[in-house]
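Q: File name model-v6.cif; file contents mmCIF, C-alpha atoms; full text below.
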```
data_data
loop_
_atom_site.label_atom_id
_atom_site.label_comp_id
_atom_site.auth_asym_id
_atom_site.auth_seq_id
_atom_site.Cartn_x
_atom_site.Cartn_y
_atom_site.Cartn_z
CA MET A 522 103.21 102.24 115.68
CA GLN A 523 102.05 105.59 114.28
CA GLN A 524 104.86 107.87 113.14
CA SER A 525 104.79 111.13 115.09
CA GLY A 526 107.87 112.93 113.79
CA PRO A 527 109.35 113.83 110.40
CA LEU A 528 110.32 111.21 107.85
CA SER A 529 113.78 109.73 108.37
CA ALA A 530 116.63 110.00 105.86
CA GLU A 531 116.00 106.36 104.91
CA GLN A 532 112.31 107.02 104.31
CA MET A 533 113.08 110.07 102.19
CA GLN A 534 115.55 108.04 100.13
CA SER A 535 112.94 105.32 99.58
CA TRP A 536 110.44 108.00 98.51
CA SER A 537 112.97 109.45 96.07
CA ASP A 538 113.90 106.04 94.65
CA ASN A 539 110.47 104.44 94.40
CA GLY A 540 107.84 107.20 94.34
CA TYR A 541 105.82 105.77 97.22
CA LEU A 542 106.16 105.05 100.91
CA VAL A 543 104.23 102.97 103.47
CA LEU A 544 103.80 104.20 107.06
CA PRO A 545 102.38 101.41 109.27
CA GLY A 546 99.73 102.03 111.92
CA PHE A 547 98.74 105.53 110.82
CA VAL A 548 95.09 105.16 111.88
CA GLN A 549 93.81 103.58 115.07
CA ARG A 550 90.95 101.06 115.14
CA ALA A 551 88.38 103.42 116.69
CA GLN A 552 88.84 105.97 113.91
CA ILE A 553 88.73 103.26 111.24
CA ASP A 554 85.43 102.01 112.67
CA SER A 555 83.97 105.54 112.68
CA MET A 556 84.86 106.11 109.03
CA LYS A 557 83.47 102.75 107.94
CA GLU A 558 80.24 103.29 109.87
CA ARG A 559 79.73 106.72 108.32
CA ALA A 560 80.44 105.39 104.83
CA VAL A 561 77.78 102.69 105.26
CA GLU A 562 75.30 105.35 106.41
CA ILE A 563 76.02 107.40 103.29
CA MET A 564 75.61 104.38 101.00
CA LYS A 565 72.34 103.29 102.64
CA GLY A 566 70.95 106.80 102.23
CA ILE A 567 71.59 107.24 98.51
CA SER A 568 68.93 107.27 95.81
CA THR A 569 69.38 104.73 93.04
CA THR A 570 67.18 106.61 90.58
CA ASP A 571 70.18 108.43 89.07
CA ILE A 572 72.84 105.74 88.95
CA SER A 573 76.31 106.88 87.93
CA VAL A 574 78.76 104.13 87.06
CA PHE A 575 82.51 104.46 87.52
CA THR A 576 84.35 102.41 84.90
CA THR A 577 87.63 101.42 86.50
CA ASP A 578 89.15 100.00 83.33
CA THR A 579 89.41 103.49 81.82
CA GLN A 580 89.32 105.55 85.02
CA GLN A 581 86.45 107.69 83.90
CA VAL A 582 82.74 108.03 84.39
CA LYS A 583 80.85 106.30 81.60
CA THR A 584 78.48 109.22 81.20
CA THR A 585 79.95 112.42 82.51
CA ASP A 586 77.08 114.37 83.97
CA LYS A 587 76.26 117.05 86.49
CA TYR A 588 76.12 114.41 89.23
CA PHE A 589 79.80 113.63 88.67
CA LEU A 590 81.00 117.20 88.11
CA ASP A 591 79.23 118.43 91.27
CA SER A 592 81.02 115.78 93.31
CA SER A 593 84.09 118.02 93.41
CA THR A 594 82.43 119.96 96.24
CA GLU A 595 79.78 117.43 97.33
CA VAL A 596 79.54 113.78 98.40
CA ARG A 597 78.39 111.40 95.66
CA CYS A 598 78.26 107.60 95.27
CA PHE A 599 79.43 105.80 92.14
CA PHE A 600 78.50 102.19 91.40
CA GLU A 601 80.46 99.21 90.09
CA GLU A 602 79.70 98.12 86.53
CA GLY A 603 78.89 94.63 87.78
CA ALA A 604 76.34 96.06 90.21
CA ILE A 605 73.77 97.04 87.59
CA ALA A 606 71.31 94.47 86.21
CA ALA A 607 70.01 94.58 82.63
CA ASP A 608 66.86 96.39 83.77
CA GLY A 609 68.91 99.10 85.51
CA SER A 610 68.32 97.86 89.04
CA LEU A 611 71.04 97.01 91.56
CA VAL A 612 72.02 93.36 91.92
CA ARG A 613 72.60 93.69 95.68
CA ASP A 614 72.17 96.18 98.51
CA PRO A 615 73.72 99.61 97.72
CA GLU A 616 76.56 99.21 100.22
CA LEU A 617 77.66 96.06 98.36
CA CYS A 618 77.46 97.71 94.93
CA VAL A 619 79.24 101.05 95.36
CA ASN A 620 82.68 101.48 93.81
CA LYS A 621 83.52 104.72 95.60
CA ILE A 622 82.18 107.75 97.43
CA GLY A 623 83.68 111.06 96.31
CA HIS A 624 85.01 113.67 96.13
CA ALA A 625 84.57 116.14 99.01
CA LEU A 626 84.36 113.86 102.04
CA HIS A 627 87.29 115.75 103.55
CA GLU A 628 85.22 118.95 103.47
CA LYS A 629 81.69 117.74 104.12
CA GLU A 630 82.11 114.89 106.61
CA PRO A 631 83.83 115.66 109.95
CA VAL A 632 84.97 112.08 110.61
CA PHE A 633 86.89 112.12 107.32
CA GLU A 634 88.12 115.70 107.66
CA ARG A 635 89.79 114.93 110.99
CA LEU A 636 92.06 112.26 109.54
CA PHE A 637 94.29 114.48 107.39
CA ALA A 638 93.52 118.01 108.61
CA THR A 639 96.38 117.96 111.09
CA GLN A 640 99.61 119.81 111.68
CA TRP A 641 101.55 116.56 111.24
CA VAL A 642 100.10 115.96 107.77
CA LEU A 643 100.89 119.58 106.84
CA SER A 644 104.50 119.07 107.94
CA LEU A 645 104.67 115.73 106.10
CA LEU A 646 103.49 117.23 102.81
CA GLN A 647 105.89 120.13 103.17
CA GLN A 648 108.77 117.73 103.82
CA LEU A 649 107.81 115.95 100.59
CA GLY A 650 108.08 119.21 98.65
CA GLN A 651 104.69 120.94 98.74
CA ARG A 652 105.18 124.51 99.91
CA GLU A 653 101.47 125.29 100.39
CA PRO A 654 99.58 121.97 100.52
CA ALA A 655 95.87 121.92 99.76
CA LEU A 656 93.58 118.90 100.15
CA THR A 657 91.81 118.87 96.80
CA GLN A 658 89.74 115.71 96.50
CA SER A 659 88.90 112.63 98.56
CA MET A 660 87.47 109.19 97.91
CA TYR A 661 86.16 106.33 100.01
CA ILE A 662 86.98 103.27 97.91
CA ILE A 663 85.00 100.08 98.51
CA LYS A 664 86.30 97.23 96.30
CA PRO A 665 83.21 95.17 97.25
CA PRO A 666 83.43 91.36 97.39
CA PHE A 667 83.22 89.47 94.06
CA ILE A 668 82.48 92.54 91.86
CA GLY A 669 85.13 95.04 92.98
CA GLY A 670 86.45 96.38 89.68
CA LYS A 671 89.97 96.44 88.35
CA VAL A 672 91.68 99.84 88.42
CA ALA A 673 93.77 100.28 85.29
CA VAL A 674 97.36 101.55 85.29
CA HIS A 675 97.37 105.27 85.93
CA VAL A 676 99.16 108.14 87.66
CA ASP A 677 97.35 110.65 89.85
CA SER A 678 98.84 113.65 88.05
CA THR A 679 96.76 112.63 85.03
CA PHE A 680 93.63 113.69 86.92
CA LEU A 681 94.94 116.71 88.85
CA ASP A 682 97.18 118.87 86.70
CA THR A 683 99.41 121.61 88.11
CA ASP A 684 102.44 123.39 86.66
CA PRO A 685 104.85 122.13 87.80
CA PRO A 686 103.31 118.76 88.79
CA SER A 687 102.71 118.63 92.54
CA VAL A 688 100.12 115.93 93.39
CA ILE A 689 100.67 113.69 96.40
CA GLY A 690 98.21 110.93 97.29
CA LEU A 691 97.48 109.82 100.87
CA TRP A 692 95.83 106.38 100.83
CA VAL A 693 94.77 104.70 104.07
CA ALA A 694 93.76 101.05 104.27
CA LEU A 695 90.61 100.68 106.38
CA GLU A 696 90.70 96.93 105.85
CA ALA A 697 93.61 94.66 105.01
CA ALA A 698 94.57 95.03 101.35
CA THR A 699 95.96 91.75 100.01
CA THR A 700 96.87 90.24 96.66
CA GLU A 701 93.58 88.32 96.89
CA ASN A 702 91.21 91.28 97.38
CA GLY A 703 92.88 93.91 95.20
CA CYS A 704 95.85 95.60 96.90
CA ILE A 705 97.72 98.34 95.05
CA TYR A 706 100.50 97.35 92.67
CA MET A 707 103.27 99.92 92.15
CA LEU A 708 105.82 100.49 89.38
CA PRO A 709 108.82 101.68 91.43
CA GLY A 710 110.71 104.61 89.93
CA SER A 711 108.01 105.41 87.36
CA HIS A 712 107.50 108.85 88.95
CA ARG A 713 110.57 110.00 87.00
CA GLU A 714 108.63 109.66 83.72
CA VAL A 715 107.00 112.75 82.19
CA VAL A 716 103.19 112.74 82.57
CA THR A 717 101.78 112.58 79.04
CA ARG A 718 98.15 111.62 79.72
CA ARG A 719 95.57 114.10 81.04
CA PHE A 720 91.95 113.96 82.18
CA LYS A 721 90.62 117.23 80.77
CA ARG A 722 87.36 119.09 81.19
CA TYR A 723 85.78 121.05 78.37
CA GLY A 724 82.58 122.65 79.60
CA ASP A 725 80.46 119.77 80.92
CA THR A 726 82.52 117.04 79.26
CA VAL A 727 85.66 115.31 80.50
CA VAL A 728 87.95 113.19 78.34
CA LEU A 729 91.27 111.36 78.62
CA GLU A 730 93.88 112.71 76.23
CA GLY A 731 97.35 111.39 75.42
CA SER A 732 98.96 108.05 76.20
CA SER A 733 101.11 106.54 78.92
CA PRO A 734 104.74 105.41 78.45
CA ASP A 735 105.20 101.91 77.05
CA SER A 736 106.84 100.84 80.33
CA PHE A 737 103.51 101.27 82.14
CA ASN A 738 102.03 98.14 80.54
CA GLU A 739 100.75 95.45 82.92
CA SER A 740 103.22 92.84 81.65
CA ASN A 741 106.21 94.82 82.94
CA PRO A 742 107.96 92.48 85.42
CA ALA A 743 108.84 95.43 87.67
CA TRP A 744 105.30 95.70 89.06
CA THR A 745 105.42 95.30 92.85
CA ALA A 746 102.51 94.29 95.07
CA CYS A 747 101.91 96.60 98.04
CA PRO A 748 99.82 94.62 100.56
CA VAL A 749 99.10 96.55 103.75
CA ALA A 750 97.29 96.07 107.05
CA ALA A 751 94.24 98.04 108.17
CA GLY A 752 95.43 101.42 109.43
CA ASP A 753 98.54 101.66 107.24
CA LEU A 754 99.15 104.83 105.20
CA VAL A 755 100.46 104.64 101.64
CA ILE A 756 101.91 107.88 100.28
CA LEU A 757 102.04 108.15 96.48
CA HIS A 758 103.96 110.57 94.30
CA GLY A 759 101.60 112.01 91.69
CA GLY A 760 103.69 110.51 88.90
CA VAL A 761 104.09 106.95 90.18
CA ALA A 762 102.22 104.38 88.11
CA HIS A 763 99.91 102.13 90.10
CA MET A 764 96.96 99.82 89.55
CA SER A 765 94.89 97.14 91.28
CA HIS A 766 93.31 93.93 90.10
CA ALA A 767 89.62 93.08 90.36
CA ASN A 768 88.40 91.79 93.70
CA THR A 769 86.86 88.38 93.08
CA SER A 770 87.33 87.28 96.69
CA ALA A 771 84.75 87.23 99.47
CA ALA A 772 86.60 90.00 101.39
CA SER A 773 85.98 93.69 100.76
CA ARG A 774 88.87 96.18 100.62
CA HIS A 775 87.82 99.53 102.04
CA ALA A 776 90.24 102.46 101.81
CA TYR A 777 90.17 106.24 102.15
CA SER A 778 92.23 108.43 99.85
CA VAL A 779 92.95 112.16 99.69
CA HIS A 780 94.97 114.03 97.08
CA SER A 781 96.90 117.17 97.89
CA VAL A 782 98.38 119.74 95.50
CA ASP A 783 100.72 122.66 96.03
CA MET A 784 98.81 125.96 95.79
CA THR A 785 101.98 127.80 94.74
CA CYS A 786 101.79 125.82 91.47
CA LYS A 787 99.45 126.83 88.63
CA TRP A 788 96.12 124.97 88.59
CA ALA A 789 95.25 123.90 85.01
CA GLU A 790 92.10 125.48 83.60
CA THR A 791 91.20 122.10 82.08
CA ASN A 792 91.20 120.22 85.40
CA TRP A 793 87.90 118.42 85.96
CA ILE A 794 87.60 120.13 89.36
CA GLN A 795 86.61 123.75 88.82
CA ARG A 796 85.42 125.14 92.13
CA PRO A 797 82.67 127.80 92.26
CA GLN A 798 83.71 131.31 93.20
CA ASP A 799 81.89 131.12 96.52
CA SER A 800 83.84 127.97 97.49
CA PRO A 801 87.54 128.65 96.80
CA GLN A 802 90.25 126.11 97.50
CA LEU A 803 91.79 126.54 100.96
CA SER A 804 95.38 125.67 101.74
CA LEU A 805 95.82 123.15 104.54
CA HIS A 806 97.49 125.88 106.59
CA SER A 807 94.45 128.16 106.20
CA TRP A 808 92.10 125.23 106.85
CA LEU A 809 93.81 124.44 110.16
CA ALA A 810 93.70 128.12 111.16
CA LYS A 811 89.97 128.26 110.39
CA THR A 812 89.00 125.04 112.17
CA HIS A 813 91.26 125.43 115.18
#
```
In structure tokens, write the structure found in this file.
A:
Amino acid sequence: MQQSGPLSAEQMQSWSDNGYLVLPGFVQRAQIDSMKERAVEIMKGISTTDISVFTTDTQQVKTTDKYFLDSSTEVRCFFEEGAIAADGSLVRDPELCVNKIGHALHEKEPVFERLFATQWVLSLLQQLGQREPALTQSMYIIKPPFIGGKVAVHVDSTFLDTDPPSVIGLWVALEAATTENGCIYMLPGSHREVVTRRFKRYGDTVVLEGSSPDSFNESNPAWTACPVAAGDLVILHGGVAHMSHANTSAASRHAYSVHSVDMTCKWAETNWIQRPQDSPQLSLHSWLAKTH
């Protein structure tokens, strides 16, 4: 059943203790189907002449180029490493080879915008500590059958840096996410660690700098699987360590994710997202006022 009111005291305590929270039944089937249908349309319409590969083992684009950097305000497709043959062609149809679609679906595609551009989401983010939430980037994540790549241990604040840290991730399962097809694994309580790794942009180049705490290693027995049903919402603190294993099963694992930051916090000049002057970041409050 979709939650319609504020988070309970028990939910807030779980958020504080663990750094993540699962809200069952956030999205209804009709809306899930609409998002999946639109994603397939986008994937079928892409050109494969300029293939950009997203390497999930290091969480960075293999060759950082204009195609990637422009995705901060556009909609771009990024392919799995296992999708590219030796001659540069795709091994299967595009919709079975794409790793993700990003990073401005929430701005450019109405069916995706409608999911989180709501008064309830604004209130939720404010309850979790963001004074002036702003939806900053979005991704449609595929995890295609058999070649869906592993996502290495990371925290979202590595990729979206504010002072003080303020990132919150909203991750919706559009298909069941299981231990077989690559559900998220969480490291409960890791959000209390200081973020020491950053994804920084220098001109037209982005690099990962720094290292993660030793406790973030994959052999830590505290890792907890987070399987969810289609329609469930997973809320992630920007500092909570999470990862997912490769999908070698026959079942895909589609999900839609949006990251929000607090606009009252300072946006780092080295963030990979640097919006053009004619397209400034809107707060969610301003966004709702404009669209409603």
Q: Would you please work out which residue, of A:Ser778, A:Ser711, A:Thr679, A:Thr785, is nearest to Leu636 (chain A) when using all atoms listed in the file?
A: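 Once distances to Leu636 (chain A) are computed over all atoms listed in the file, the minimum belongs to A:Ser778.
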Q: Assuming the chain letters and numbering stay as they are in my file, what does the PyMOL selection byres ((chain A and resi 800) around 12) actually select? List them as JSON, numbers by chain.
A: {"A": [593, 594, 595, 625, 628, 794, 795, 796, 797, 798, 799, 801, 802, 803]}
Q: Which residues, written as a ChimeraX atom specification, have at least one atom at most 10 Å from Gln523 (chain A), with only C-alpha atoms counted and residues fewer than 6 positions away on the same chain left out?
A: /A:544-549,752-754
Q: Please compute the CA of Pro527 (chain A)-CA of Thr639 (chain A) distance, one decimal, in Å.
A: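 Between these atoms lies a distance of 13.6 Å.
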Q: Report as a list in words the residues that result from applying the PyMOL selection byres ((chain A and resi 649-661) around 6) to the structure here.
A: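 After applying the PyMOL selection byres ((chain A and resi 649-661) around 6), what remains is Lys621, Ile622, Gly623, His624, Ala625, Leu626, Leu646, Gln647, Gln648, Ile662, Ala776, Tyr777, Ser778, Val779, His780, Ser781, Val782, Asp783, Met784, Ser804 and Leu805 of chain A.
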Q: Mind telling me what the PyMOL selection byres ((chain A and resi 668-676) around 8) catches here, as a PyMOL selection string?
A: chain A and resi 576-580+601-604+618+620+663-667+677-680+703+716+737-739+759-769+773
Q: Rank A:Glu634, A:Glu696, A:Asp586, A:Glu714 by their smallest atom-to-atom distance to Ala751 (chain A), using all atoms listed in the file, and report the top residue only.
A: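 Closest to Ala751 (chain A), using all atoms listed in the file: A:Glu696.
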Q: Go ahead and compute the interatomic distance for CA of Ser733 (chain A) and CA of Phe599 (chain A), in Å to one decimal.
A: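 Going from CA of Ser733 (chain A) over to CA of Phe599 (chain A), I get 25.4 Å.
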Q: Measuring between only C-alpha atoms, which one of A:Val619, A:Met556, A:Val715, A:Ala530 shows the shortest distance to Ser732 (chain A)?
A: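 Closest residue, counting only C-alpha atoms: A:Val715.
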Q: Point out the residue among A:Ile605, A:Val642, A:Val596, A:Leu542 with the least atom-to-atom distance to Lys629 (chain A), counting all atoms listed in the file.
A: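 For Lys629 (chain A), the nearest of the given residues is A:Val596.
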Q: Do you have the CA of Arg722 (chain A)-CA of Leu708 (chain A) distance handy?
A: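 Interatomic distance, CA of Arg722 (chain A) to CA of Leu708 (chain A): 27.5 Å.
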Q: Would you list the contacts of Tyr541 (chain A) as a short mmCIF file (atom, residue, chain, number, x, y, z; two decimals) with C-alpha atoms, keeping the file's coordinate frame, taking every protein, DNA or RNA residue within 8 Å and counting only C-alpha atoms, but skipping same-chain residues closer than 4 positions in sequence?
A:
```cif
data_model
loop_
_atom_site.label_atom_id
_atom_site.label_comp_id
_atom_site.auth_asym_id
_atom_site.auth_seq_id
_atom_site.Cartn_x
_atom_site.Cartn_y
_atom_site.Cartn_z
CA SER A 535 112.94 105.32 99.58
CA TRP A 536 110.44 108.00 98.51
CA PRO A 709 108.82 101.68 91.43
CA VAL A 755 100.46 104.64 101.64
CA ILE A 756 101.91 107.88 100.28
CA LEU A 757 102.04 108.15 96.48
CA HIS A 758 103.96 110.57 94.30
CA VAL A 761 104.09 106.95 90.18
#
```
Q: Rank A:Ser644, A:Thr683, A:Thr717, A:Asn702 by their smallest atom-to-atom distance to Ala789 (chain A), using only C-alpha atoms, and report the top residue only.
A: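 Comparing A:Ser644, A:Thr683, A:Thr717, A:Asn702 against Ala789 (chain A), the winner is A:Thr683.
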Q: If I put a ball of radius 8 Å at (73.5, 101.2, 100.6) in the file's coordinates, which residues poke into it when counting all atoms listed in the file, written as a compact mmCIF listing (two decimals) with C-alpha atoms, in the frame of the given file?
A:
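Result saved to part_14.txt:
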```
# COMPACT_ATOMS: atom_id res chain seq x y z
CA VAL A 561 77.78 102.69 105.26
CA GLU A 562 75.30 105.35 106.41
CA ILE A 563 76.02 107.40 103.29
CA MET A 564 75.61 104.38 101.00
CA LYS A 565 72.34 103.29 102.64
CA GLY A 566 70.95 106.80 102.23
CA ILE A 567 71.59 107.24 98.51
CA ASP A 614 72.17 96.18 98.51
CA PRO A 615 73.72 99.61 97.72
CA GLU A 616 76.56 99.21 100.22
CA LEU A 617 77.66 96.06 98.36
CA CYS A 618 77.46 97.71 94.93
CA VAL A 619 79.24 101.05 95.36
```
Q: Which centre and which edge lengths, in Å to one decimal, describe the axis-aligned box that holds all listed atoms of region 754-762 of chain A after 8 Å is added on each side, as JSON?
A:
```
{"center_x": 101.6, "center_y": 108.2, "center_z": 96.7, "size_x": 20.9, "size_y": 23.6, "size_z": 33.1}
```
Q: Pick from A:Arg774, A:Leu809, A:Arg597, A:Leu729: nearest to Arg635 (chain A), with all atoms listed in the file counted?
A: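 That would be A:Leu809, the residue with the smallest distance to Arg635 (chain A).
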Q: Just want the 6 Å neighbourhood of Lys721 (chain A), counted on only C-alpha atoms, with same-chain residues fewer than 2 positions away dropped. Output as number ranges by chain.
A: A: 719, 727-728, 791-793
